[in-house]
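Trainee: What follows is final_5.pdb, made up of PDB, C-alpha atoms (C1' of nucleotides):
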MODEL        1
ATOM      1  CA  MET N   3      -2.553 -13.507 -22.241
ATOM      2  CA  LEU N   4      -0.936 -10.118 -22.122
ATOM      3  CA  MET N   5       0.295  -8.756 -18.817
ATOM      4  CA  LYS N   6       1.790  -5.361 -18.364
ATOM      5  CA  VAL N   7       2.899  -3.595 -15.230
ATOM      6  CA  ASP N   8       3.784  -0.052 -14.230
ATOM      7  CA  ALA N   9       6.492   0.126 -11.589
ATOM      8  CA  ALA N  10       5.882   3.850 -11.074
ATOM      9  CA  SER N  11       2.235   3.396 -10.139
ATOM     10  CA  PRO N  12       1.263   3.585  -6.463
ATOM     11  CA  VAL N  13      -0.835   0.484  -7.055
ATOM     12  CA  PRO N  14       1.134  -2.584  -5.901
ATOM     13  CA  LEU N  15       2.492  -4.817  -8.636
ATOM     14  CA  PHE N  16       0.577  -7.867  -7.464
ATOM     15  CA  GLU N  17      -2.623  -5.827  -7.517
ATOM     16  CA  GLN N  18      -1.928  -4.714 -11.052
ATOM     17  CA  LEU N  19      -1.360  -8.283 -12.121
ATOM     18  CA  ALA N  20      -4.564  -9.518 -10.531
ATOM     19  CA  ALA N  21      -6.450  -6.584 -12.027
ATOM     20  CA  SER N  22      -5.065  -7.431 -15.423
ATOM     21  CA  VAL N  23      -6.419 -10.963 -15.213
ATOM     22  CA  ARG N  24      -9.809  -9.802 -13.942
ATOM     23  CA  SER N  25     -10.021  -7.409 -16.828
ATOM     24  CA  GLU N  26      -9.340 -10.149 -19.370
ATOM     25  CA  VAL N  27     -11.937 -12.285 -17.677
ATOM     26  CA  SER N  28     -14.601  -9.597 -17.725
ATOM     27  CA  ARG N  29     -13.862  -9.001 -21.403
ATOM     28  CA  GLY N  30     -14.415 -12.656 -22.092
ATOM     29  CA  ALA N  31     -10.835 -13.014 -23.283
ATOM     30  CA  LEU N  32     -10.247 -15.569 -20.539
ATOM     31  CA  LEU N  33     -12.758 -18.379 -20.224
ATOM     32  CA  PRO N  34     -13.303 -21.137 -17.673
ATOM     33  CA  GLY N  35     -10.704 -23.836 -18.231
ATOM     34  CA  ASP N  36      -8.131 -21.474 -19.676
ATOM     35  CA  ARG N  37      -4.697 -21.648 -18.100
ATOM     36  CA  LEU N  38      -2.702 -18.631 -17.017
ATOM     37  CA  PRO N  39       0.991 -18.538 -17.883
ATOM     38  CA  SER N  40       3.142 -20.010 -15.120
ATOM     39  CA  ALA N  41       4.287 -17.637 -12.388
ATOM     40  CA  ARG N  42       7.919 -18.180 -13.347
ATOM     41  CA  GLU N  43       7.195 -17.283 -16.956
ATOM     42  CA  VAL N  44       5.406 -14.082 -16.080
ATOM     43  CA  ALA N  45       8.087 -13.139 -13.589
ATOM     44  CA  ALA N  46      10.832 -13.657 -16.147
ATOM     45  CA  SER N  47       9.057 -11.796 -18.919
ATOM     46  CA  LEU N  48       8.310  -8.789 -16.709
ATOM     47  CA  THR N  49      11.594  -8.963 -14.811
ATOM     48  CA  ILE N  50       9.916  -9.157 -11.442
ATOM     49  CA  ASN N  51       9.998 -11.682  -8.629
ATOM     50  CA  VAL N  52       8.120 -14.973  -8.766
ATOM     51  CA  HIS N  53       6.547 -14.363  -5.391
ATOM     52  CA  THR N  54       5.001 -11.141  -6.584
ATOM     53  CA  VAL N  55       3.234 -13.005  -9.384
ATOM     54  CA  LEU N  56       2.225 -15.820  -7.072
ATOM     55  CA  ARG N  57       0.770 -13.332  -4.653
ATOM     56  CA  ALA N  58      -1.461 -12.044  -7.436
ATOM     57  CA  TYR N  59      -2.477 -15.582  -8.352
ATOM     58  CA  GLN N  60      -3.246 -16.417  -4.725
ATOM     59  CA  GLN N  61      -5.410 -13.350  -4.453
ATOM     60  CA  LEU N  62      -7.355 -14.483  -7.508
ATOM     61  CA  ARG N  63      -7.677 -17.901  -5.935
ATOM     62  CA  ASP N  64      -9.066 -16.338  -2.744
ATOM     63  CA  GLU N  65     -11.695 -14.702  -4.941
ATOM     64  CA  GLY N  66     -12.495 -18.079  -6.445
ATOM     65  CA  LEU N  67     -11.578 -16.882  -9.913
ATOM     66  CA  VAL N  68      -8.791 -19.382 -10.527
ATOM     67  CA  ASP N  69      -7.879 -22.843  -9.387
ATOM     68  CA  LEU N  70      -4.281 -23.149  -8.220
ATOM     69  CA  ARG N  71      -2.422 -26.442  -8.084
ATOM     70  CA  ARG N  72       1.212 -27.493  -8.173
ATOM     71  CA  GLY N  73       2.526 -28.864 -11.401
ATOM     72  CA  ARG N  74      -0.637 -27.827 -13.171
ATOM     73  CA  GLY N  75      -0.677 -24.051 -12.811
ATOM     74  CA  ALA N  76      -3.490 -21.533 -12.550
ATOM     75  CA  VAL N  77      -6.746 -22.409 -14.283
ATOM     76  CA  VAL N  78      -9.744 -20.107 -14.653
ATOM     77  CA  THR N  79     -12.838 -21.376 -12.841
ATOM     78  CA  ASP N  80     -16.512 -21.297 -13.760
ATOM     79  CA  LYS N  81     -16.964 -18.199 -11.644
ATOM     80  CA  ALA N  82     -15.414 -16.290 -14.521
ATOM     81  CA  ARG N  83     -18.775 -16.176 -16.286
ATOM     82  CA  GLN N  84     -20.152 -13.991 -13.493
ATOM     83  CA  TYR N  85     -17.753 -11.196 -14.356
ATOM     84  CA  GLU N  86     -19.180 -10.592 -17.780
ATOM     85  CA  PRO N  87     -22.292  -8.577 -16.838
ATOM     86  CA  ILE N  88     -20.118  -6.133 -14.932
ATOM     87  CA  SER N  89     -18.140  -5.272 -18.018
ATOM     88  CA  LEU N  90     -21.410  -3.971 -19.444
ATOM     89  CA  ALA N  91     -22.400  -1.845 -16.461
ATOM     90  CA  LEU N  92     -18.972  -0.328 -15.980
ATOM     91  CA  PRO N  93     -18.475   1.875 -19.061
ATOM     92  CA  THR N  94     -21.574   3.924 -18.272
ATOM     93  CA  LEU N  95     -20.267   4.858 -14.849
ATOM     94  CA  ILE N  96     -16.753   5.531 -16.068
ATOM     95  CA  ALA N  97     -18.010   7.823 -18.807
ATOM     96  CA  GLU N  98     -20.132   9.736 -16.330
ATOM     97  CA  ALA N  99     -17.221  10.086 -13.929
ATOM     98  CA  LYS N 100     -14.883  11.381 -16.605
ATOM     99  CA  ARG N 101     -17.474  13.846 -17.813
ATOM    100  CA  LEU N 102     -17.549  15.288 -14.288
ATOM    101  CA  GLY N 103     -13.789  15.564 -14.129
ATOM    102  CA  LEU N 104     -13.462  12.915 -11.457
ATOM    103  CA  SER N 105      -9.973  11.466 -11.207
ATOM    104  CA  SER N 106      -9.421   7.728 -11.191
ATOM    105  CA  SER N 107      -8.486   7.687  -7.521
ATOM    106  CA  ALA N 108     -11.450   9.835  -6.529
ATOM    107  CA  LEU N 109     -13.864   7.567  -8.339
ATOM    108  CA  VAL N 110     -12.235   4.486  -6.906
ATOM    109  CA  ALA N 111     -12.549   5.945  -3.429
ATOM    110  CA  LEU N 112     -16.232   6.610  -3.952
ATOM    111  CA  VAL N 113     -16.810   3.071  -5.126
ATOM    112  CA  ARG N 114     -14.967   1.644  -2.158
ATOM    113  CA  GLU N 115     -16.910   3.869   0.217
ATOM    114  CA  GLU N 116     -20.281   3.089  -1.319
ATOM    115  CA  TYR N 117     -19.539  -0.626  -1.239
ATOM    116  CA  ASN N 118     -19.359  -0.599   2.559
ATOM    117  CA  THR N 119     -22.793   0.820   3.132
TER     118      THR N 119
ATOM    119  CA  MET M   9     -19.767  15.419   9.880
ATOM    120  CA  LEU M  10     -18.973  11.918  10.895
ATOM    121  CA  MET M  11     -15.525  10.511  10.164
ATOM    122  CA  LYS M  12     -14.438   7.020  10.899
ATOM    123  CA  VAL M  13     -11.222   5.253  10.094
ATOM    124  CA  ASP M  14      -9.969   1.686  10.000
ATOM    125  CA  ALA M  15      -6.333   1.348  10.995
ATOM    126  CA  ALA M  16      -6.270  -2.278   9.854
ATOM    127  CA  SER M  17      -7.230  -1.457   6.280
ATOM    128  CA  PRO M  18      -4.541  -1.448   3.583
ATOM    129  CA  VAL M  19      -6.022   1.848   2.412
ATOM    130  CA  PRO M  20      -3.990   4.731   3.881
ATOM    131  CA  LEU M  21      -5.662   6.737   6.644
ATOM    132  CA  PHE M  22      -5.528   9.998   4.702
ATOM    133  CA  GLU M  23      -7.205   8.277   1.751
ATOM    134  CA  GLN M  24      -9.959   6.984   3.990
ATOM    135  CA  LEU M  25     -10.528  10.436   5.378
ATOM    136  CA  ALA M  26     -10.708  12.036   1.948
ATOM    137  CA  ALA M  27     -13.008   9.260   0.765
ATOM    138  CA  SER M  28     -15.251   9.852   3.721
ATOM    139  CA  VAL M  29     -15.663  13.511   2.808
ATOM    140  CA  ARG M  30     -16.264  12.732  -0.870
ATOM    141  CA  SER M  31     -18.930  10.312   0.152
ATOM    142  CA  GLU M  32     -20.735  12.897   2.250
ATOM    143  CA  VAL M  33     -20.495  15.327  -0.619
ATOM    144  CA  SER M  34     -21.932  12.931  -3.156
ATOM    145  CA  ARG M  35     -24.770  12.167  -0.755
ATOM    146  CA  GLY M  36     -25.548  15.820  -0.520
ATOM    147  CA  ALA M  37     -24.800  15.791   3.201
ATOM    148  CA  LEU M  38     -22.069  18.351   2.595
ATOM    149  CA  LEU M  39     -22.980  21.388   0.531
ATOM    150  CA  PRO M  40     -20.946  24.253  -0.919
ATOM    151  CA  GLY M  41     -20.086  26.660   1.875
ATOM    152  CA  ASP M  42     -20.142  24.024   4.582
ATOM    153  CA  ARG M  43     -17.079  23.897   6.794
ATOM    154  CA  LEU M  44     -15.236  20.730   7.683
ATOM    155  CA  PRO M  45     -14.167  20.238  11.293
ATOM    156  CA  SER M  46     -10.664  21.547  11.958
ATOM    157  CA  ALA M  47      -7.795  19.167  11.352
ATOM    158  CA  ARG M  48      -6.815  19.318  15.003
ATOM    159  CA  GLU M  49     -10.328  18.402  16.076
ATOM    160  CA  VAL M  50     -10.521  15.412  13.769
ATOM    161  CA  ALA M  51      -7.052  14.283  14.758
ATOM    162  CA  ALA M  52      -7.916  14.435  18.445
ATOM    163  CA  SER M  53     -11.248  12.683  18.085
ATOM    164  CA  LEU M  54      -9.742   9.830  16.028
ATOM    165  CA  THR M  55      -6.469   9.726  17.944
ATOM    166  CA  ILE M  56      -4.370  10.200  14.854
ATOM    167  CA  ASN M  57      -1.840  12.789  13.807
ATOM    168  CA  VAL M  58      -2.795  16.263  12.605
ATOM    169  CA  HIS M  59      -0.658  15.922   9.495
ATOM    170  CA  THR M  60      -2.536  12.844   8.424
ATOM    171  CA  VAL M  61      -5.790  14.773   8.482
ATOM    172  CA  LEU M  62      -4.228  17.751   6.754
ATOM    173  CA  ARG M  63      -2.907  15.515   4.039
ATOM    174  CA  ALA M  64      -6.434  14.341   3.361
ATOM    175  CA  TYR M  65      -7.683  17.919   3.292
ATOM    176  CA  GLN M  66      -4.901  18.955   0.922
ATOM    177  CA  GLN M  67      -5.792  16.117  -1.400
ATOM    178  CA  LEU M  68      -9.372  17.343  -1.461
ATOM    179  CA  ARG M  69      -8.098  20.826  -2.181
ATOM    180  CA  ASP M  70      -6.060  19.498  -5.107
ATOM    181  CA  GLU M  71      -9.285  18.057  -6.446
ATOM    182  CA  GLY M  72     -10.921  21.441  -6.065
ATOM    183  CA  LEU M  73     -13.493  20.066  -3.682
ATOM    184  CA  VAL M  74     -12.594  22.247  -0.706
ATOM    185  CA  ASP M  75     -11.062  25.640  -0.132
ATOM    186  CA  LEU M  76      -8.271  25.611   2.436
ATOM    187  CA  ARG M  77      -7.132  28.706   4.312
ATOM    188  CA  ARG M  78      -5.405  29.375   7.608
ATOM    189  CA  GLY M  79      -7.549  30.520  10.481
ATOM    190  CA  ARG M  80     -10.653  29.743   8.502
ATOM    191  CA  GLY M  81     -10.453  26.017   7.908
ATOM    192  CA  ALA M  82     -11.679  23.792   5.071
ATOM    193  CA  VAL M  83     -14.759  24.945   3.204
ATOM    194  CA  VAL M  84     -16.631  22.951   0.576
ATOM    195  CA  THR M  85     -16.544  24.580  -2.878
ATOM    196  CA  ASP M  86     -19.148  24.834  -5.611
ATOM    197  CA  LYS M  87     -17.600  21.865  -7.363
ATOM    198  CA  ALA M  88     -19.384  19.732  -4.808
ATOM    199  CA  ARG M  89     -22.553  19.895  -6.873
ATOM    200  CA  GLN M  90     -20.868  17.923  -9.651
ATOM    201  CA  TYR M  91     -20.551  14.909  -7.415
ATOM    202  CA  GLU M  92     -24.254  14.445  -7.041
ATOM    203  CA  PRO M  93     -25.015  12.689 -10.360
ATOM    204  CA  ILE M  94     -22.439  10.067  -9.504
ATOM    205  CA  SER M  95     -24.231   9.136  -6.334
ATOM    206  CA  LEU M  96     -27.135   8.133  -8.537
ATOM    207  CA  ALA M  97     -25.144   6.004 -10.972
ATOM    208  CA  LEU M  98     -23.125   4.280  -8.278
ATOM    209  CA  PRO M  99     -25.688   2.221  -6.360
ATOM    210  CA  THR M 100     -26.748   0.395  -9.511
ATOM    211  CA  LEU M 101     -23.235  -0.793 -10.173
ATOM    212  CA  ILE M 102     -22.549  -1.661  -6.555
ATOM    213  CA  ALA M 103     -25.717  -3.683  -6.314
ATOM    214  CA  GLU M 104     -24.856  -5.573  -9.480
ATOM    215  CA  ALA M 105     -21.353  -6.272  -8.217
ATOM    216  CA  LYS M 106     -22.553  -7.573  -4.885
ATOM    217  CA  ARG M 107     -25.129  -9.760  -6.548
ATOM    218  CA  LEU M 108     -22.300 -11.387  -8.479
ATOM    219  CA  GLY M 109     -20.259 -11.939  -5.355
ATOM    220  CA  LEU M 110     -17.568  -9.489  -6.381
ATOM    221  CA  SER M 111     -15.422  -8.337  -3.491
ATOM    222  CA  SER M 112     -14.802  -4.669  -2.878
ATOM    223  CA  SER M 113     -11.186  -4.879  -3.962
ATOM    224  CA  ALA M 114     -12.042  -6.826  -7.099
ATOM    225  CA  LEU M 115     -14.629  -4.287  -8.155
ATOM    226  CA  VAL M 116     -12.304  -1.414  -7.370
ATOM    227  CA  ALA M 117      -9.592  -3.005  -9.480
ATOM    228  CA  LEU M 118     -11.983  -3.390 -12.389
ATOM    229  CA  VAL M 119     -12.999   0.241 -12.159
ATOM    230  CA  ARG M 120      -9.401   1.382 -12.077
ATOM    231  CA  GLU M 121      -8.565  -0.829 -15.023
ATOM    232  CA  GLU M 122     -11.532   0.320 -17.083
ATOM    233  CA  TYR M 123     -10.765   3.954 -16.323
ATOM    234  CA  ASN M 124      -7.443   3.725 -18.152
ATOM    235  CA  THR M 125      -8.853   2.582 -21.464
TER     236      THR M 125
ATOM    237  C1'  DA H  16      10.173 -44.703 -12.811
ATOM    238  C1'  DT H  17      12.447 -40.474 -14.018
ATOM    239  C1'  DG H  18      13.016 -35.695 -14.773
ATOM    240  C1'  DG H  19      11.218 -31.342 -15.550
ATOM    241  C1'  DT H  20       7.479 -28.098 -14.429
ATOM    242  C1'  DT H  21       4.556 -25.828 -11.165
ATOM    243  C1'  DG H  22       2.817 -24.014  -6.976
ATOM    244  C1'  DT H  23       4.010 -23.888  -1.611
ATOM    245  C1'  DT H  24       6.556 -22.565   2.253
ATOM    246  C1'  DA H  25      10.287 -20.403   4.881
ATOM    247  C1'  DT H  26      13.672 -16.969   5.854
ATOM    248  C1'  DA H  27      16.105 -12.814   5.310
ATOM    249  C1'  DG H  28      16.920  -8.209   3.783
ATOM    250  C1'  DC H  29      16.158  -3.687   1.402
ATOM    251  C1'  DG H  30      13.583   0.500   0.245
ATOM    252  C1'  DC H  31       9.933   3.486   0.372
ATOM    253  C1'  DA H  32       5.818   5.693   1.872
ATOM    254  C1'  DA H  33       2.585   6.246   5.660
ATOM    255  C1'  DA H  34       2.119   7.868  10.056
ATOM    256  C1'  DT H  35       3.915   9.964  14.162
ATOM    257  C1'  DA H  36       6.150  13.612  17.050
ATOM    258  C1'  DT H  37       7.813  18.485  17.923
ATOM    259  C1'  DA H  38       8.072  22.925  16.889
ATOM    260  C1'  DA H  39       7.928  27.249  14.888
ATOM    261  C1'  DC H  40       5.371  30.262  11.639
ATOM    262  C1'  DA H  41       1.481  32.956   9.148
ATOM    263  C1'  DA H  42      -3.182  34.229   8.092
ATOM    264  C1'  DT H  43      -7.842  34.720   9.747
ATOM    265  C1'  DA H  44     -11.692  35.421  13.093
ATOM    266  C1'  DG H  45     -13.732  37.407  17.144
TER     267       DG H  45
ATOM    268  C1'  DC L  24      -4.732  41.153  21.187
ATOM    269  C1'  DT L  25      -5.608  36.389  21.464
ATOM    270  C1'  DA L  26      -7.054  32.072  20.114
ATOM    271  C1'  DT L  27      -7.719  29.218  16.139
ATOM    272  C1'  DT L  28      -6.406  27.263  11.803
ATOM    273  C1'  DG L  29      -3.645  25.829   8.069
ATOM    274  C1'  DT L  30       1.583  25.761   6.422
ATOM    275  C1'  DT L  31       6.186  24.384   6.623
ATOM    276  C1'  DA L  32      10.282  21.944   8.332
ATOM    277  C1'  DT L  33      12.787  18.162  10.322
ATOM    278  C1'  DA L  34      13.364  13.781  12.212
ATOM    279  C1'  DT L  35      11.970   9.149  13.539
ATOM    280  C1'  DT L  36       9.388   4.972  13.561
ATOM    281  C1'  DT L  37       6.747   1.417  11.425
ATOM    282  C1'  DG L  38       4.746  -1.606   8.083
ATOM    283  C1'  DC L  39       4.415  -3.395   3.532
ATOM    284  C1'  DG L  40       5.816  -4.324  -1.034
ATOM    285  C1'  DC L  41       9.354  -6.463  -3.395
ATOM    286  C1'  DT L  42      13.395  -9.062  -3.937
ATOM    287  C1'  DA L  43      16.584 -13.034  -3.257
ATOM    288  C1'  DT L  44      17.681 -17.978  -2.079
ATOM    289  C1'  DA L  45      16.479 -22.271  -1.201
ATOM    290  C1'  DA L  46      14.229 -26.327  -0.211
ATOM    291  C1'  DC L  47       9.913 -28.961  -0.749
ATOM    292  C1'  DA L  48       5.640 -31.300  -2.784
ATOM    293  C1'  DA L  49       2.307 -32.363  -6.352
ATOM    294  C1'  DC L  50       1.507 -33.009 -11.174
ATOM    295  C1'  DC L  51       2.690 -34.130 -16.153
ATOM    296  C1'  DA L  52       5.003 -36.079 -20.130
ATOM    297  C1'  DT L  53       8.200 -39.319 -21.757
TER     298       DT L  53
ENDMDL
END
When written as structure tokens, how does the structure in this file appear?
Mentor:
Amino acid sequence: MLMKVDAASPVPLFEQLAASVRSEVSRGALLPGDRLPSAREVAASLTINVHTVLRAYQQLRDEGLVDLRRGRGAVVTDKARQYEPISLALPTLIAEAKRLGLSSSALVALVREEYNT
Amino acid sequence: MLMKVDAASPVPLFEQLAASVRSEVSRGALLPGDRLPSAREVAASLTINVHTVLRAYQQLRDEGLVDLRRGRGAVVTDKARQYEPISLALPTLIAEAKRLGLSSSALVALVREEYNT
DNA sequence: ATGGTTGTTATAGCGCAAATATAACAATAG
DNA sequence: CTATTGTTATATTTGCGCTATAACAACCAT
């Protein structure tokens, strides 16, 4: 379970962390039942605060992607299987966007806009 | 040219404004040569600051989507045509995402992640 | 049972970027 | 010439991300 973070990015750290997990899940690298590294571990290894990691975990819990319990840690739920099909539909769109010279933020904005319609 | 904004959203106002314009462009509702409403107009009608609107406009200019000049206003450029194909590829992905119960922010995060790969 | 691990909650403070508020300036249109 | 529009400058306020401590509660292994 690799987690990297870019402090210079405008994207909040906790968002980056959550995104990282989602990405692993959609790739099938994280399966239902798998356990994420403890928040304190991640925090120490990335030299960031525990709460920042926990905030990411709690966001994933709100999405139903992980189960969060004291003493046990964060465990990937069955919902993870749903993410797989998306990882197939995504590359097509991304390729198209890049071909048109669309920046990451512009594409993201379009997706967000289209979602609320 | 309808523009709406949600002050409660974590997405900055100027981003929402720019996104709104991009959306219209990709829908074909804004064509090359069309003029956006003046920054002062938009600001007044949404009860926000002029600079916030101008920041959105300047971002669109940096993307090459509008031409910005004093006295004249913001005019959509030829680049607008490029956005059209995307508006065809998008709905498929969005529909798929919604069917899987993916939240807007989760999908957006996946897109951003996949873009940098 | 006991002790260590893990998430949960609370409180406080710092820094930065978004947004606001004024104001003067420069190019364009009519 | 005048009104309109974007540009630039400066200052202030506000909210959020992140950090820092610290205590607490559930779970696990021994």
Trainee: Running the PyMOL selection byres ((chain N) within 12 of (chain H)) on this model by hand, what would come out? Give it as an MDAnalysis selection string.
Mentor: chainID N and resid 12 38:43 52:53 55:57 59:60 69:76
Trainee: Written as a ChimeraX atom specification, what is the full residue list that the PyMOL selection byres ((chain M) within 10 of (chain N)) yields on the file shown?
Mentor: /M:19,23-24,26-32,34,67-68,71,87,90-125
Trainee: When the cut-off is 7 Å and we count only C-alpha atoms (C1' of nucleotides), which residues of chain L are near chain N, given as a PyMOL selection string?
Mentor: chain L and resi 40+42+49-50
Trainee: Hey, could you lay chain M over chain N with a least-squares C-alpha fit (all atoms, paired in order) and save it as a short mmCIF file (atom, residue, chain, number, x, y, z; two decimals) with C-alpha atoms, in the coordinates of the input?
Mentor:
data_model
loop_
_atom_site.label_atom_id
_atom_site.label_comp_id
_atom_site.auth_asym_id
_atom_site.auth_seq_id
_atom_site.Cartn_x
_atom_site.Cartn_y
_atom_site.Cartn_z
CA MET M 9 -2.65 -13.16 -22.17
CA LEU M 10 -1.07 -9.79 -21.99
CA MET M 11 0.17 -8.49 -18.64
CA LYS M 12 1.67 -5.12 -18.07
CA VAL M 13 2.76 -3.45 -14.89
CA ASP M 14 3.63 0.05 -13.75
CA ALA M 15 6.35 0.14 -11.12
CA ALA M 16 5.73 3.83 -10.48
CA SER M 17 2.10 3.34 -9.50
CA PRO M 18 1.14 3.41 -5.82
CA VAL M 19 -0.91 0.28 -6.51
CA PRO M 20 1.12 -2.80 -5.51
CA LEU M 21 2.46 -4.93 -8.35
CA PHE M 22 0.57 -8.03 -7.26
CA GLU M 23 -2.65 -6.01 -7.21
CA GLN M 24 -2.00 -4.77 -10.71
CA LEU M 25 -1.41 -8.28 -11.91
CA ALA M 26 -4.59 -9.61 -10.33
CA ALA M 27 -6.52 -6.64 -11.71
CA SER M 28 -5.16 -7.35 -15.14
CA VAL M 29 -6.48 -10.91 -15.04
CA ARG M 30 -9.88 -9.82 -13.70
CA SER M 31 -10.12 -7.36 -16.51
CA GLU M 32 -9.47 -10.01 -19.13
CA VAL M 33 -12.03 -12.22 -17.48
CA SER M 34 -14.72 -9.58 -17.43
CA ARG M 35 -14.02 -8.86 -21.09
CA GLY M 36 -14.54 -12.48 -21.88
CA ALA M 37 -10.96 -12.78 -23.12
CA LEU M 38 -10.33 -15.41 -20.47
CA LEU M 39 -12.84 -18.23 -20.21
CA PRO M 40 -13.32 -21.07 -17.73
CA GLY M 41 -10.70 -23.72 -18.41
CA ASP M 42 -8.17 -21.30 -19.82
CA ARG M 43 -4.71 -21.49 -18.30
CA LEU M 44 -2.73 -18.49 -17.16
CA PRO M 45 0.95 -18.33 -18.06
CA SER M 46 3.17 -19.85 -15.38
CA ALA M 47 4.31 -17.57 -12.60
CA ARG M 48 7.93 -18.04 -13.60
CA GLU M 49 7.16 -17.05 -17.17
CA VAL M 50 5.35 -13.88 -16.17
CA ALA M 51 8.05 -13.00 -13.67
CA ALA M 52 10.77 -13.39 -16.29
CA SER M 53 8.94 -11.46 -18.97
CA LEU M 54 8.19 -8.54 -16.63
CA THR M 55 11.49 -8.73 -14.78
CA ILE M 56 9.85 -9.07 -11.40
CA ASN M 57 10.00 -11.69 -8.69
CA VAL M 58 8.17 -15.01 -8.92
CA HIS M 59 6.61 -14.53 -5.50
CA THR M 60 5.02 -11.29 -6.57
CA VAL M 61 3.25 -13.07 -9.41
CA LEU M 62 2.29 -15.97 -7.19
CA ARG M 63 0.83 -13.60 -4.67
CA ALA M 64 -1.43 -12.21 -7.37
CA TYR M 65 -2.44 -15.71 -8.42
CA GLN M 66 -3.17 -16.69 -4.82
CA GLN M 67 -5.35 -13.65 -4.41
CA LEU M 68 -7.32 -14.69 -7.46
CA ARG M 69 -7.61 -18.17 -6.01
CA ASP M 70 -8.98 -16.72 -2.76
CA GLU M 71 -11.62 -15.02 -4.86
CA GLY M 72 -12.43 -18.35 -6.47
CA LEU M 73 -11.55 -17.04 -9.90
CA VAL M 74 -8.74 -19.48 -10.63
CA ASP M 75 -7.78 -22.98 -9.61
CA LEU M 76 -4.17 -23.28 -8.50
CA ARG M 77 -2.26 -26.56 -8.48
CA ARG M 78 1.38 -27.56 -8.66
CA GLY M 79 2.66 -28.82 -11.96
CA ARG M 80 -0.53 -27.75 -13.64
CA GLY M 81 -0.60 -24.00 -13.16
CA ALA M 82 -3.46 -21.51 -12.77
CA VAL M 83 -6.72 -22.37 -14.48
CA VAL M 84 -9.74 -20.09 -14.76
CA THR M 85 -12.81 -21.45 -12.94
CA ASP M 86 -16.49 -21.37 -13.80
CA LYS M 87 -16.95 -18.35 -11.58
CA ALA M 88 -15.46 -16.34 -14.40
CA ARG M 89 -18.85 -16.20 -16.09
CA GLN M 90 -20.21 -14.10 -13.23
CA TYR M 91 -17.86 -11.28 -14.08
CA GLU M 92 -19.36 -10.67 -17.46
CA PRO M 93 -22.44 -8.64 -16.43
CA ILE M 94 -20.16 -6.21 -14.64
CA SER M 95 -18.26 -5.44 -17.79
CA LEU M 96 -21.53 -4.14 -19.18
CA ALA M 97 -22.42 -1.92 -16.22
CA LEU M 98 -18.94 -0.51 -15.84
CA PRO M 99 -18.40 1.51 -19.02
CA THR M 100 -21.47 3.63 -18.34
CA LEU M 101 -20.16 4.69 -14.97
CA ILE M 102 -16.63 5.25 -16.21
CA ALA M 103 -17.84 7.39 -19.06
CA GLU M 104 -19.95 9.48 -16.71
CA ALA M 105 -17.04 9.91 -14.33
CA LYS M 106 -14.67 11.01 -17.05
CA ARG M 107 -17.20 13.44 -18.42
CA LEU M 108 -17.28 15.07 -15.00
CA GLY M 109 -13.52 15.28 -14.82
CA LEU M 110 -13.26 12.80 -11.99
CA SER M 111 -9.80 11.32 -11.60
CA SER M 112 -9.29 7.60 -11.39
CA SER M 113 -8.38 7.72 -7.72
CA ALA M 114 -11.33 9.94 -6.87
CA LEU M 115 -13.77 7.61 -8.57
CA VAL M 116 -12.19 4.58 -6.96
CA ALA M 117 -12.49 6.20 -3.55
CA LEU M 118 -16.16 6.92 -4.14
CA VAL M 119 -16.80 3.33 -5.14
CA ARG M 120 -15.02 2.02 -2.08
CA GLU M 121 -16.92 4.41 0.14
CA GLU M 122 -20.29 3.56 -1.38
CA TYR M 123 -19.58 -0.15 -1.11
CA ASN M 124 -19.46 0.06 2.68
CA THR M 125 -22.91 1.52 3.14
#
Trainee: Selected by the PyMOL selection byres ((chain M and resi 42) around 10) in the shown coordinates: which residues, as an NGL selection string?
Mentor: :M and (37-41 or 43-45 or 74 or 82-85)
Trainee: In Å to one decimal, how far is atom CA of N:Asp80 from atom CA of N:Gly30?
Mentor: 12.2 Å
Trainee: Between atom CA of N:Val27 and atom CA of N:Ser47, what is the distance in Å, rounded to a tenth?
Mentor: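 Taking atom CA of N:Val27 and atom CA of N:Ser47, their separation equals 21.0 Å.
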